[in-house]
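Just below is one structure, and these are the notes that go with it.
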Amino acid sequence: MQGLGRHGALTAEDKTLLLDLELNPRRAAAGEVLWQESADVDLFCVVKEGWAYSYRNLGNGSMQILKVYLPGDIIGMRDFGFARRLAGVAMINDGVISPFTHQQLFELIGRSPALAAGIIATVVRQQAMLTERLVYLGRYAAHERLAHFLYELYLRLKRIGAVAENGFLMPLSQEQIGDALGLSAVHVSRTFSMLRDEGLVVRDRQHVVLPDPQALARLVEFNDTYIDETLSSAFHGFH
């Protein structure tokens, strides 16, 4: 759980408790469904390797991708407090996940108020990302949606050391990007071409380069407050 582990408010004992949630890793194949929407809520998991996404199947046979999960992210926390899954989750590429149970989560919360606060902050941030997605899906043109999506991924990947020379691997198909942005695969392809022609994005299969990340951010007036991982001072001193 790299996001929680980076916070200075955590003691060595807290970090050991976090690692205890990752003691049972297992491999997960590309396309594997970790759980279906409306299934019983019995497990959560940490993504150790690979990418995953949450989704809803729509009545017209299409899919809406709600969130893309990267290494270090916790999956399933939005379902905490519900008996049934709010969304399905599937792997994008081959990876490794570490499942953990409600009981393990309760024990962690009971032993560390700081971690409990950090987990609450994680859930709130996930909700903030969904809110931001709602805003730009509803108000932005196609090229702005894609620009926002790519710059957000760029920032998130940069924090886990997965960006080199403004480039990163993005194992999403055009169909999956379209399902995240409410666009057809053909429209996604055209929009990539538009951003390429403007000198903002270069894509070679799964490799994406942002020649001038700040120019891409300016295009959509990107405000990174909603993905800022800095905890409020109120979260310090919980021990």
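In the structure tokens, the first chain shown is A, the next is B, and so on; residue numbers restart at 1 for each chain, and ligands run from 1 in the order shown.
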
request  = Could you give me, as JSON, numbers by chain, the residues within 12 Å of Arg218 of chain A, counting only C-alpha atoms and dropping anything in the same chain fewer than 5 positions from it?
outcome  = {"A": [144, 147, 148, 151, 200, 212, 213, 223, 224]}

Could you give me, as a short mmCIF file (atom, residue, chain, number, x, y, z; two decimals) with N, CA and C atoms, in the first residue's frame, the residues within 7 Å of segment 66-77 of chain A, counting only C-alpha atoms and dropping anything in the same chain fewer than 2 positions from it?
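Below you can see out09.cif, which holds the result:
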data_model
loop_
_atom_site.label_atom_id
_atom_site.label_comp_id
_atom_site.auth_asym_id
_atom_site.auth_seq_id
_atom_site.Cartn_x
_atom_site.Cartn_y
_atom_site.Cartn_z
N MET A 1 0.85 -1.20 0.00
CA MET A 1 0.00 0.00 0.00
C MET A 1 0.88 1.24 0.00
N GLN A 2 1.43 1.52 -1.13
CA GLN A 2 2.45 2.56 -1.21
C GLN A 2 1.90 3.92 -0.80
N GLY A 3 0.64 4.20 -1.13
CA GLY A 3 0.08 5.49 -0.77
C GLY A 3 0.07 5.72 0.72
N PHE A 44 -10.90 -7.73 0.22
CA PHE A 44 -10.31 -6.56 -0.41
C PHE A 44 -8.95 -7.02 -0.93
N CYS A 45 -8.27 -6.19 -1.67
CA CYS A 45 -6.93 -6.62 -2.08
C CYS A 45 -6.04 -5.43 -2.39
N VAL A 46 -4.74 -5.68 -2.30
CA VAL A 46 -3.72 -4.72 -2.68
C VAL A 46 -3.15 -5.16 -4.02
N VAL A 47 -3.01 -4.23 -4.95
CA VAL A 47 -2.35 -4.53 -6.22
C VAL A 47 -0.84 -4.40 -6.01
N LYS A 48 -0.13 -5.51 -6.17
CA LYS A 48 1.33 -5.48 -6.01
C LYS A 48 2.02 -5.32 -7.36
N GLU A 49 1.47 -5.93 -8.39
CA GLU A 49 1.99 -5.79 -9.74
C GLU A 49 0.81 -5.76 -10.71
N GLY A 50 0.99 -5.03 -11.82
CA GLY A 50 -0.06 -5.00 -12.84
C GLY A 50 -1.09 -3.90 -12.60
N TRP A 51 -2.03 -3.82 -13.53
CA TRP A 51 -3.11 -2.83 -13.48
C TRP A 51 -4.45 -3.57 -13.42
N ALA A 52 -5.44 -2.91 -12.81
CA ALA A 52 -6.80 -3.45 -12.76
C ALA A 52 -7.78 -2.30 -12.97
N TYR A 53 -9.05 -2.64 -13.13
CA TYR A 53 -10.06 -1.58 -13.25
C TYR A 53 -11.37 -2.03 -12.63
N SER A 54 -12.13 -1.08 -12.13
CA SER A 54 -13.49 -1.35 -11.67
C SER A 54 -14.45 -0.91 -12.75
N TYR A 55 -15.61 -1.56 -12.82
CA TYR A 55 -16.53 -1.31 -13.93
C TYR A 55 -17.97 -1.59 -13.53
N GLN A 64 -19.02 0.72 -18.41
CA GLN A 64 -18.39 1.96 -17.96
C GLN A 64 -17.26 1.62 -17.01
N ASP A 79 -16.50 -0.58 -1.24
CA ASP A 79 -17.54 -1.53 -0.86
C ASP A 79 -17.63 -1.74 0.65
N PHE A 80 -16.68 -1.18 1.38
CA PHE A 80 -16.66 -1.38 2.83
C PHE A 80 -17.95 -0.81 3.43
N VAL A 123 -10.12 6.11 1.08
CA VAL A 123 -11.47 5.94 0.53
C VAL A 123 -12.02 7.28 0.04
N ALA A 180 -13.72 4.03 -20.42
CA ALA A 180 -13.47 4.94 -19.29
C ALA A 180 -13.93 6.35 -19.60
#

Could you pull out the residues in segment 140-231 of chain A that DSSP calls helix (DSSP H, G or I) from the backbone, as a short mmCIF file (atom, residue, chain, number, x, y, z; two decimals) with all heavy atoms, in the first residue's frame?
data_model
loop_
_atom_site.label_atom_id
_atom_site.label_comp_id
_atom_site.auth_asym_id
_atom_site.auth_seq_id
_atom_site.Cartn_x
_atom_site.Cartn_y
_atom_site.Cartn_z
N ALA A 142 -13.89 15.55 -26.39
CA ALA A 142 -13.17 14.27 -26.41
C ALA A 142 -11.67 14.45 -26.19
O ALA A 142 -11.07 13.72 -25.39
CB ALA A 142 -13.43 13.56 -27.74
N HIS A 143 -11.05 15.42 -26.85
CA HIS A 143 -9.59 15.57 -26.71
C HIS A 143 -9.22 16.04 -25.31
O HIS A 143 -8.17 15.69 -24.78
CB HIS A 143 -9.03 16.52 -27.78
CG HIS A 143 -9.37 17.95 -27.59
ND1 HIS A 143 -10.64 18.46 -27.80
CD2 HIS A 143 -8.61 19.02 -27.21
CE1 HIS A 143 -10.63 19.76 -27.56
NE2 HIS A 143 -9.42 20.12 -27.19
N GLU A 144 -10.12 16.79 -24.66
CA GLU A 144 -9.86 17.24 -23.29
C GLU A 144 -10.04 16.08 -22.31
O GLU A 144 -9.29 15.96 -21.34
CB GLU A 144 -10.80 18.38 -22.94
CG GLU A 144 -10.56 19.65 -23.74
CD GLU A 144 -11.65 20.68 -23.55
OE1 GLU A 144 -12.84 20.29 -23.50
OE2 GLU A 144 -11.32 21.87 -23.44
N ARG A 145 -11.01 15.21 -22.56
CA ARG A 145 -11.19 14.03 -21.70
C ARG A 145 -9.94 13.15 -21.73
O ARG A 145 -9.44 12.71 -20.70
CB ARG A 145 -12.38 13.20 -22.17
CG ARG A 145 -13.73 13.85 -22.07
CD ARG A 145 -14.80 12.85 -22.47
NE ARG A 145 -16.03 13.51 -22.90
CZ ARG A 145 -17.12 12.87 -23.30
NH1 ARG A 145 -17.12 11.56 -23.35
NH2 ARG A 145 -18.19 13.54 -23.67
N LEU A 146 -9.45 12.89 -22.95
CA LEU A 146 -8.27 12.04 -23.07
C LEU A 146 -7.04 12.72 -22.47
O LEU A 146 -6.24 12.07 -21.79
CB LEU A 146 -8.03 11.70 -24.54
CG LEU A 146 -6.85 10.76 -24.82
CD1 LEU A 146 -7.00 9.44 -24.06
CD2 LEU A 146 -6.72 10.49 -26.33
N ALA A 147 -6.90 14.01 -22.70
CA ALA A 147 -5.75 14.74 -22.13
C ALA A 147 -5.77 14.67 -20.60
O ALA A 147 -4.74 14.42 -19.96
CB ALA A 147 -5.78 16.19 -22.59
N HIS A 148 -6.94 14.88 -20.02
CA HIS A 148 -7.07 14.83 -18.55
C HIS A 148 -6.74 13.43 -18.04
O HIS A 148 -6.00 13.25 -17.06
CB HIS A 148 -8.50 15.22 -18.16
CG HIS A 148 -8.69 15.48 -16.70
ND1 HIS A 148 -8.72 14.46 -15.77
CD2 HIS A 148 -8.86 16.64 -16.00
CE1 HIS A 148 -8.91 14.98 -14.57
NE2 HIS A 148 -8.99 16.30 -14.69
N PHE A 149 -7.28 12.41 -18.71
CA PHE A 149 -7.07 11.02 -18.32
C PHE A 149 -5.58 10.67 -18.35
O PHE A 149 -5.04 10.07 -17.41
CB PHE A 149 -7.86 10.12 -19.27
CG PHE A 149 -7.76 8.65 -19.00
CD1 PHE A 149 -8.45 8.08 -17.94
CD2 PHE A 149 -7.00 7.82 -19.81
CE1 PHE A 149 -8.38 6.71 -17.69
CE2 PHE A 149 -6.92 6.47 -19.57
CZ PHE A 149 -7.61 5.90 -18.51
N LEU A 150 -4.89 11.07 -19.43
CA LEU A 150 -3.48 10.74 -19.57
C LEU A 150 -2.61 11.49 -18.56
O LEU A 150 -1.66 10.92 -18.00
CB LEU A 150 -3.01 11.06 -20.99
CG LEU A 150 -3.60 10.20 -22.11
CD1 LEU A 150 -3.18 10.73 -23.48
CD2 LEU A 150 -3.18 8.74 -21.95
N TYR A 151 -2.94 12.74 -18.31
CA TYR A 151 -2.13 13.51 -17.36
C TYR A 151 -2.34 12.98 -15.94
O TYR A 151 -1.38 12.91 -15.15
CB TYR A 151 -2.46 14.99 -17.43
CG TYR A 151 -1.50 15.83 -16.61
CD1 TYR A 151 -0.19 16.02 -17.04
CD2 TYR A 151 -1.88 16.41 -15.41
CE1 TYR A 151 0.72 16.76 -16.28
CE2 TYR A 151 -0.99 17.15 -14.65
CZ TYR A 151 0.30 17.33 -15.09
OH TYR A 151 1.20 18.05 -14.34
N GLU A 152 -3.56 12.59 -15.62
CA GLU A 152 -3.81 11.99 -14.31
C GLU A 152 -3.00 10.71 -14.14
O GLU A 152 -2.36 10.50 -13.10
CB GLU A 152 -5.30 11.70 -14.14
CG GLU A 152 -5.66 11.07 -12.80
CD GLU A 152 -7.13 10.71 -12.72
OE1 GLU A 152 -7.94 11.59 -12.40
OE2 GLU A 152 -7.47 9.54 -13.01
N LEU A 153 -3.00 9.85 -15.16
CA LEU A 153 -2.20 8.62 -15.11
C LEU A 153 -0.72 8.95 -14.97
O LEU A 153 0.01 8.31 -14.20
CB LEU A 153 -2.42 7.78 -16.37
CG LEU A 153 -3.64 6.88 -16.42
CD1 LEU A 153 -3.71 6.19 -17.77
CD2 LEU A 153 -3.62 5.85 -15.29
N TYR A 154 -0.27 9.95 -15.71
CA TYR A 154 1.13 10.37 -15.65
C TYR A 154 1.52 10.74 -14.21
O TYR A 154 2.57 10.30 -13.70
CB TYR A 154 1.33 11.55 -16.60
CG TYR A 154 2.60 12.34 -16.39
CD1 TYR A 154 3.82 11.89 -16.90
CD2 TYR A 154 2.58 13.56 -15.71
CE1 TYR A 154 4.98 12.63 -16.71
CE2 TYR A 154 3.72 14.30 -15.53
CZ TYR A 154 4.93 13.84 -16.03
OH TYR A 154 6.07 14.56 -15.85
N LEU A 155 0.69 11.54 -13.54
CA LEU A 155 1.00 11.94 -12.16
C LEU A 155 1.01 10.75 -11.22
O LEU A 155 1.91 10.61 -10.36
CB LEU A 155 -0.01 12.98 -11.67
CG LEU A 155 0.05 14.37 -12.28
CD1 LEU A 155 -1.00 15.27 -11.63
CD2 LEU A 155 1.44 14.99 -12.12
N ARG A 156 0.03 9.88 -11.35
CA ARG A 156 -0.06 8.71 -10.47
C ARG A 156 1.11 7.76 -10.69
O ARG A 156 1.68 7.22 -9.73
CB ARG A 156 -1.39 7.99 -10.70
CG ARG A 156 -2.61 8.79 -10.28
CD ARG A 156 -3.91 8.07 -10.63
NE ARG A 156 -4.01 6.80 -9.92
CZ ARG A 156 -4.82 5.80 -10.28
NH1 ARG A 156 -5.55 5.90 -11.38
NH2 ARG A 156 -4.87 4.69 -9.57
N LEU A 157 1.48 7.55 -11.94
CA LEU A 157 2.60 6.65 -12.25
C LEU A 157 3.93 7.26 -11.81
O LEU A 157 4.84 6.55 -11.36
CB LEU A 157 2.62 6.34 -13.74
CG LEU A 157 1.50 5.41 -14.22
CD1 LEU A 157 1.40 5.45 -15.74
CD2 LEU A 157 1.73 3.99 -13.74
N LYS A 158 4.04 8.57 -11.93
CA LYS A 158 5.27 9.24 -11.51
C LYS A 158 5.53 9.03 -10.03
O LYS A 158 6.67 8.85 -9.59
CB LYS A 158 5.17 10.73 -11.84
CG LYS A 158 6.48 11.49 -11.77
CD LYS A 158 6.32 12.91 -12.29
CE LYS A 158 7.65 13.64 -12.29
NZ LYS A 158 7.52 15.03 -12.79
N ARG A 159 4.47 9.00 -9.23
CA ARG A 159 4.61 8.83 -7.78
C ARG A 159 5.11 7.45 -7.41
O ARG A 159 5.66 7.27 -6.32
CB ARG A 159 3.26 9.11 -7.11
CG ARG A 159 2.92 10.59 -7.09
CD ARG A 159 1.56 10.82 -6.50
NE ARG A 159 1.28 12.25 -6.42
CZ ARG A 159 0.10 12.77 -6.19
NH1 ARG A 159 -0.94 11.98 -6.03
NH2 ARG A 159 -0.07 14.07 -6.14
N GLN A 174 -7.67 0.53 -26.80
CA GLN A 174 -8.49 1.69 -27.17
C GLN A 174 -9.92 1.51 -26.71
O GLN A 174 -10.59 2.48 -26.31
CB GLN A 174 -8.42 1.90 -28.69
CG GLN A 174 -7.09 2.44 -29.14
CD GLN A 174 -7.05 2.83 -30.61
OE1 GLN A 174 -6.09 3.43 -31.06
NE2 GLN A 174 -8.08 2.50 -31.36
N GLU A 175 -10.41 0.27 -26.72
CA GLU A 175 -11.77 -0.01 -26.25
C GLU A 175 -11.89 0.31 -24.76
O GLU A 175 -12.90 0.89 -24.32
CB GLU A 175 -12.14 -1.47 -26.52
CG GLU A 175 -12.36 -1.81 -27.98
CD GLU A 175 -11.05 -2.01 -28.75
OE1 GLU A 175 -9.96 -2.02 -28.12
OE2 GLU A 175 -11.11 -2.16 -29.98
N GLN A 176 -10.88 -0.09 -23.98
CA GLN A 176 -10.93 0.18 -22.54
C GLN A 176 -10.84 1.67 -22.24
O GLN A 176 -11.56 2.18 -21.36
CB GLN A 176 -9.80 -0.58 -21.84
CG GLN A 176 -10.03 -2.09 -21.80
CD GLN A 176 -8.81 -2.86 -21.35
OE1 GLN A 176 -7.67 -2.43 -21.56
NE2 GLN A 176 -9.03 -4.00 -20.73
N ILE A 177 -10.00 2.38 -22.97
CA ILE A 177 -9.93 3.83 -22.79
C ILE A 177 -11.28 4.45 -23.13
O ILE A 177 -11.79 5.33 -22.43
CB ILE A 177 -8.82 4.44 -23.66
CG1 ILE A 177 -7.46 3.93 -23.20
CG2 ILE A 177 -8.85 5.97 -23.59
CD1 ILE A 177 -6.31 4.28 -24.13
N GLY A 178 -11.89 3.96 -24.22
CA GLY A 178 -13.21 4.45 -24.59
C GLY A 178 -14.25 4.17 -23.52
O GLY A 178 -15.11 5.03 -23.24
N ASP A 179 -14.19 2.98 -22.90
CA ASP A 179 -15.13 2.64 -21.84
C ASP A 179 -14.94 3.53 -20.60
O ASP A 179 -15.86 3.74 -19.82
CB ASP A 179 -14.98 1.17 -21.43
CG ASP A 179 -15.52 0.21 -22.49
OD1 ASP A 179 -16.33 0.65 -23.33
OD2 ASP A 179 -15.11 -0.97 -22.48
N ALA A 180 -13.72 4.03 -20.42
CA ALA A 180 -13.47 4.94 -19.29
C ALA A 180 -13.93 6.35 -19.60
O ALA A 180 -14.34 7.08 -18.69
CB ALA A 180 -11.97 4.94 -18.96
N LEU A 181 -13.89 6.73 -20.88
CA LEU A 181 -14.14 8.13 -21.24
C LEU A 181 -15.47 8.35 -21.96
O LEU A 181 -15.79 9.48 -22.33
CB LEU A 181 -13.00 8.64 -22.13
CG LEU A 181 -11.61 8.60 -21.51
CD1 LEU A 181 -10.58 9.13 -22.50
CD2 LEU A 181 -11.56 9.39 -20.21
N ALA A 185 -14.02 3.30 -29.66
CA ALA A 185 -12.60 3.03 -29.91
C ALA A 185 -12.09 3.85 -31.10
O ALA A 185 -10.96 4.35 -31.08
CB ALA A 185 -12.39 1.53 -30.17
N VAL A 186 -12.93 4.03 -32.11
CA VAL A 186 -12.53 4.83 -33.28
C VAL A 186 -12.31 6.29 -32.87
O VAL A 186 -11.34 6.93 -33.31
CB VAL A 186 -13.61 4.74 -34.38
CG1 VAL A 186 -13.32 5.73 -35.50
CG2 VAL A 186 -13.68 3.32 -34.94
N HIS A 187 -13.18 6.80 -32.01
CA HIS A 187 -13.05 8.18 -31.55
C HIS A 187 -11.78 8.35 -30.71
O HIS A 187 -11.09 9.37 -30.80
CB HIS A 187 -14.28 8.58 -30.74
CG HIS A 187 -14.53 10.05 -30.72
ND1 HIS A 187 -15.74 10.60 -30.33
CD2 HIS A 187 -13.74 11.10 -31.03
CE1 HIS A 187 -15.66 11.93 -30.41
NE2 HIS A 187 -14.46 12.25 -30.82
N VAL A 188 -11.46 7.34 -29.91
CA VAL A 188 -10.22 7.37 -29.12
C VAL A 188 -9.02 7.46 -30.05
O VAL A 188 -8.09 8.26 -29.82
CB VAL A 188 -10.12 6.13 -28.21
CG1 VAL A 188 -8.73 6.04 -27.58
CG2 VAL A 188 -11.18 6.19 -27.11
N SER A 189 -9.01 6.65 -31.11
CA SER A 189 -7.90 6.66 -32.06
C SER A 189 -7.74 8.03 -32.71
O SER A 189 -6.63 8.57 -32.80
CB SER A 189 -8.14 5.59 -33.13
OG SER A 189 -7.09 5.59 -34.08
N ARG A 190 -8.85 8.61 -33.13
CA ARG A 190 -8.81 9.94 -33.75
C ARG A 190 -8.32 11.00 -32.78
O ARG A 190 -7.58 11.92 -33.15
CB ARG A 190 -10.19 10.31 -34.28
CG ARG A 190 -10.66 9.49 -35.47
CD ARG A 190 -12.10 9.83 -35.81
NE ARG A 190 -12.57 9.06 -36.96
CZ ARG A 190 -13.85 8.94 -37.30
NH1 ARG A 190 -14.78 9.55 -36.58
NH2 ARG A 190 -14.20 8.23 -38.36
N THR A 191 -8.73 10.85 -31.53
CA THR A 191 -8.35 11.85 -30.52
C THR A 191 -6.87 11.75 -30.19
O THR A 191 -6.19 12.77 -30.00
CB THR A 191 -9.21 11.67 -29.26
OG1 THR A 191 -10.60 11.69 -29.63
CG2 THR A 191 -8.96 12.78 -28.26
N PHE A 192 -6.33 10.53 -30.14
CA PHE A 192 -4.88 10.37 -29.98
C PHE A 192 -4.15 11.06 -31.12
O PHE A 192 -3.13 11.74 -30.91
CB PHE A 192 -4.49 8.90 -29.93
CG PHE A 192 -4.36 8.34 -28.54
CD1 PHE A 192 -5.26 7.39 -28.07
CD2 PHE A 192 -3.33 8.74 -27.69
CE1 PHE A 192 -5.14 6.87 -26.79
CE2 PHE A 192 -3.20 8.22 -26.42
CZ PHE A 192 -4.12 7.28 -25.97
N SER A 193 -4.67 10.90 -32.33
CA SER A 193 -4.04 11.52 -33.50
C SER A 193 -4.07 13.04 -33.38
O SER A 193 -3.08 13.72 -33.72
CB SER A 193 -4.75 11.07 -34.78
OG SER A 193 -4.60 9.68 -34.98
N MET A 194 -5.18 13.59 -32.89
CA MET A 194 -5.29 15.03 -32.71
C MET A 194 -4.26 15.53 -31.71
O MET A 194 -3.56 16.53 -31.95
CB MET A 194 -6.70 15.40 -32.23
CG MET A 194 -6.93 16.89 -32.02
SD MET A 194 -8.55 17.24 -31.25
CE MET A 194 -9.64 16.57 -32.50
N LEU A 195 -4.13 14.84 -30.57
CA LEU A 195 -3.15 15.26 -29.56
C LEU A 195 -1.72 15.08 -30.05
O LEU A 195 -0.84 15.87 -29.72
CB LEU A 195 -3.39 14.47 -28.27
CG LEU A 195 -4.70 14.74 -27.53
CD1 LEU A 195 -4.85 13.81 -26.33
CD2 LEU A 195 -4.80 16.19 -27.10
N ARG A 196 -1.51 14.06 -30.88
CA ARG A 196 -0.17 13.87 -31.48
C ARG A 196 0.16 15.03 -32.41
O ARG A 196 1.26 15.58 -32.36
CB ARG A 196 -0.14 12.56 -32.24
CG ARG A 196 1.20 12.26 -32.94
CD ARG A 196 1.01 11.24 -34.03
NE ARG A 196 0.12 11.74 -35.08
CZ ARG A 196 -0.63 10.98 -35.87
NH1 ARG A 196 -0.62 9.66 -35.73
NH2 ARG A 196 -1.40 11.52 -36.80
N ASP A 197 -0.81 15.41 -33.23
CA ASP A 197 -0.58 16.50 -34.18
C ASP A 197 -0.32 17.83 -33.46
O ASP A 197 0.37 18.70 -34.02
CB ASP A 197 -1.78 16.65 -35.12
CG ASP A 197 -1.93 15.45 -36.06
OD1 ASP A 197 -0.96 14.67 -36.19
OD2 ASP A 197 -3.02 15.29 -36.64
N PRO A 213 4.47 17.70 -20.51
CA PRO A 213 3.35 17.40 -19.61
C PRO A 213 2.60 18.63 -19.13
O PRO A 213 1.36 18.60 -19.01
CB PRO A 213 4.03 16.68 -18.42
CG PRO A 213 5.28 16.12 -19.00
CD PRO A 213 5.73 17.10 -20.02
N GLN A 214 3.31 19.72 -18.87
CA GLN A 214 2.65 20.92 -18.37
C GLN A 214 1.73 21.53 -19.43
O GLN A 214 0.68 22.10 -19.09
CB GLN A 214 3.68 21.94 -17.90
CG GLN A 214 4.45 21.50 -16.66
CD GLN A 214 3.53 21.07 -15.53
OE1 GLN A 214 2.59 21.78 -15.18
NE2 GLN A 214 3.80 19.91 -14.95
N ALA A 215 2.09 21.41 -20.69
CA ALA A 215 1.21 21.90 -21.76
C ALA A 215 -0.08 21.10 -21.79
O ALA A 215 -1.17 21.66 -22.00
CB ALA A 215 1.92 21.82 -23.11
N LEU A 216 0.03 19.79 -21.57
CA LEU A 216 -1.16 18.94 -21.52
C LEU A 216 -2.03 19.34 -20.33
O LEU A 216 -3.26 19.42 -20.44
CB LEU A 216 -0.75 17.48 -21.41
CG LEU A 216 -1.83 16.44 -21.74
CD1 LEU A 216 -2.21 16.50 -23.20
CD2 LEU A 216 -1.33 15.04 -21.39
N ALA A 217 -1.39 19.61 -19.20
CA ALA A 217 -2.13 20.03 -18.00
C ALA A 217 -2.83 21.37 -18.24
O ALA A 217 -3.98 21.56 -17.81
CB ALA A 217 -1.18 20.13 -16.81
N ARG A 218 -2.15 22.28 -18.91
CA ARG A 218 -2.75 23.60 -19.17
C ARG A 218 -3.96 23.48 -20.10
O ARG A 218 -4.92 24.25 -19.97
CB ARG A 218 -1.71 24.54 -19.78
CG ARG A 218 -0.67 25.04 -18.78
CD ARG A 218 0.13 26.21 -19.35
NE ARG A 218 0.90 25.82 -20.54
CZ ARG A 218 2.13 25.33 -20.49
NH1 ARG A 218 2.75 25.16 -19.32
NH2 ARG A 218 2.78 25.02 -21.61
N LEU A 219 -3.92 22.53 -21.01
CA LEU A 219 -5.02 22.35 -21.95
C LEU A 219 -6.34 22.14 -21.22
O LEU A 219 -7.39 22.64 -21.65
CB LEU A 219 -4.74 21.15 -22.87
CG LEU A 219 -5.86 20.74 -23.83
CD1 LEU A 219 -6.09 21.83 -24.88
CD2 LEU A 219 -5.52 19.41 -24.50
N ASP A 224 -4.47 19.39 -9.52
CA ASP A 224 -4.15 18.08 -8.93
C ASP A 224 -4.52 17.96 -7.46
O ASP A 224 -4.15 16.99 -6.81
CB ASP A 224 -2.67 17.76 -9.12
CG ASP A 224 -1.75 18.70 -8.35
OD1 ASP A 224 -2.25 19.63 -7.70
OD2 ASP A 224 -0.52 18.50 -8.40
N THR A 225 -5.31 18.89 -6.94
CA THR A 225 -5.67 18.84 -5.52
C THR A 225 -6.34 17.52 -5.15
O THR A 225 -6.09 16.95 -4.08
CB THR A 225 -6.63 20.00 -5.18
OG1 THR A 225 -5.99 21.23 -5.53
CG2 THR A 225 -6.96 20.01 -3.69
N TYR A 226 -7.16 16.99 -6.04
CA TYR A 226 -7.93 15.79 -5.71
C TYR A 226 -7.09 14.52 -5.66
O TYR A 226 -7.55 13.48 -5.17
CB TYR A 226 -9.09 15.62 -6.71
CG TYR A 226 -8.68 15.16 -8.09
CD1 TYR A 226 -8.80 13.82 -8.46
CD2 TYR A 226 -8.18 16.05 -9.02
CE1 TYR A 226 -8.43 13.40 -9.72
CE2 TYR A 226 -7.82 15.64 -10.28
CZ TYR A 226 -7.95 14.32 -10.63
OH TYR A 226 -7.59 13.91 -11.89
N ILE A 227 -5.85 14.57 -6.17
CA ILE A 227 -4.97 13.40 -6.04
C ILE A 227 -3.73 13.71 -5.21
O ILE A 227 -2.79 12.93 -5.19
CB ILE A 227 -4.57 12.82 -7.41
CG1 ILE A 227 -3.92 13.87 -8.29
CG2 ILE A 227 -5.74 12.17 -8.10
CD1 ILE A 227 -3.36 13.29 -9.58
#

query = Taking the backbone alone, and naming residues the way the document does, which bits of segment 4-137 of chain A are strand (DSSP E or B) by DSSP, as a PyMOL selection string?
reply = chain A and resi 26-28+33-35+40+43-49+52-57+63-69+74-75+84+88-91+95-101

Proximity of segment 171-198 of chain A to segment 17-31 of chain A: per-residue shortest pair, 12 Å limit, only C-alpha atoms, as a Markdown table:
| residue | atom | partner | partner_atom | distance |
| --- | --- | --- | --- | --- |
| A:Pro171 | CA | A:Ala30 | CA | 10.1 |
| A:Leu172 | CA | A:Ala30 | CA | 11.0 |
| A:Ser173 | CA | A:Gly31 | CA | 11.8 |
| A:Gln176 | CA | A:Gly31 | CA | 11.5 |

I need the residues from that last selection saved to file as a compact mmCIF listing (two decimals), in the first residue's frame (with N, CA and C atoms), if you can.
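Written out: result-v5.txt:
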# COMPACT_ATOMS: atom_id res chain seq x y z
N PRO A 171 -1.07 -0.26 -20.43
CA PRO A 171 -1.58 -1.50 -21.01
C PRO A 171 -3.08 -1.50 -21.25
N LEU A 172 -3.64 -0.35 -21.60
CA LEU A 172 -5.07 -0.23 -21.87
C LEU A 172 -5.32 -0.27 -23.38
N SER A 173 -6.32 -1.02 -23.80
CA SER A 173 -6.71 -1.02 -25.20
C SER A 173 -7.50 0.25 -25.50
N GLN A 176 -10.88 -0.09 -23.98
CA GLN A 176 -10.93 0.18 -22.54
C GLN A 176 -10.84 1.67 -22.24

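Among A:Leu43, A:Leu58, A:Leu115, A:Ile120, the residue with the shortest atom-to-atom distance to Ile97 of chain A, counting only C-alpha atoms, is A:Leu43.
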
message = Measuring between only C-alpha atoms, which one of A:Ile109, A:Ala128, A:Ala117, A:Ile92 shows the shortest distance to Arg78 of chain A?
response =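 That would be A:Ala128, the residue with the smallest distance to Arg78 of chain A.
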
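Among the candidates A:Met63, A:Leu134, A:Ala12, A:Ala87, the residue lying nearest to Ser38 of chain A is A:Ala87 (atoms considered: only C-alpha atoms).
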
query = Which is closest to Gln36 of chain A among A:Val208, A:Val89, A:Met170, A:Val135, if we use only C-alpha atoms?
reply =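 Result for the nearest residue to Gln36 of chain A: A:Val89.
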
inquiry  = Taking 6 positions as the minimum chain separation for residues in the same chain, which residues sit within 10 Å of Val41 of chain A when counting only C-alpha atoms? Answer as a ChimeraX atom specification.
reply    = /A:35,76,79-86,101-102
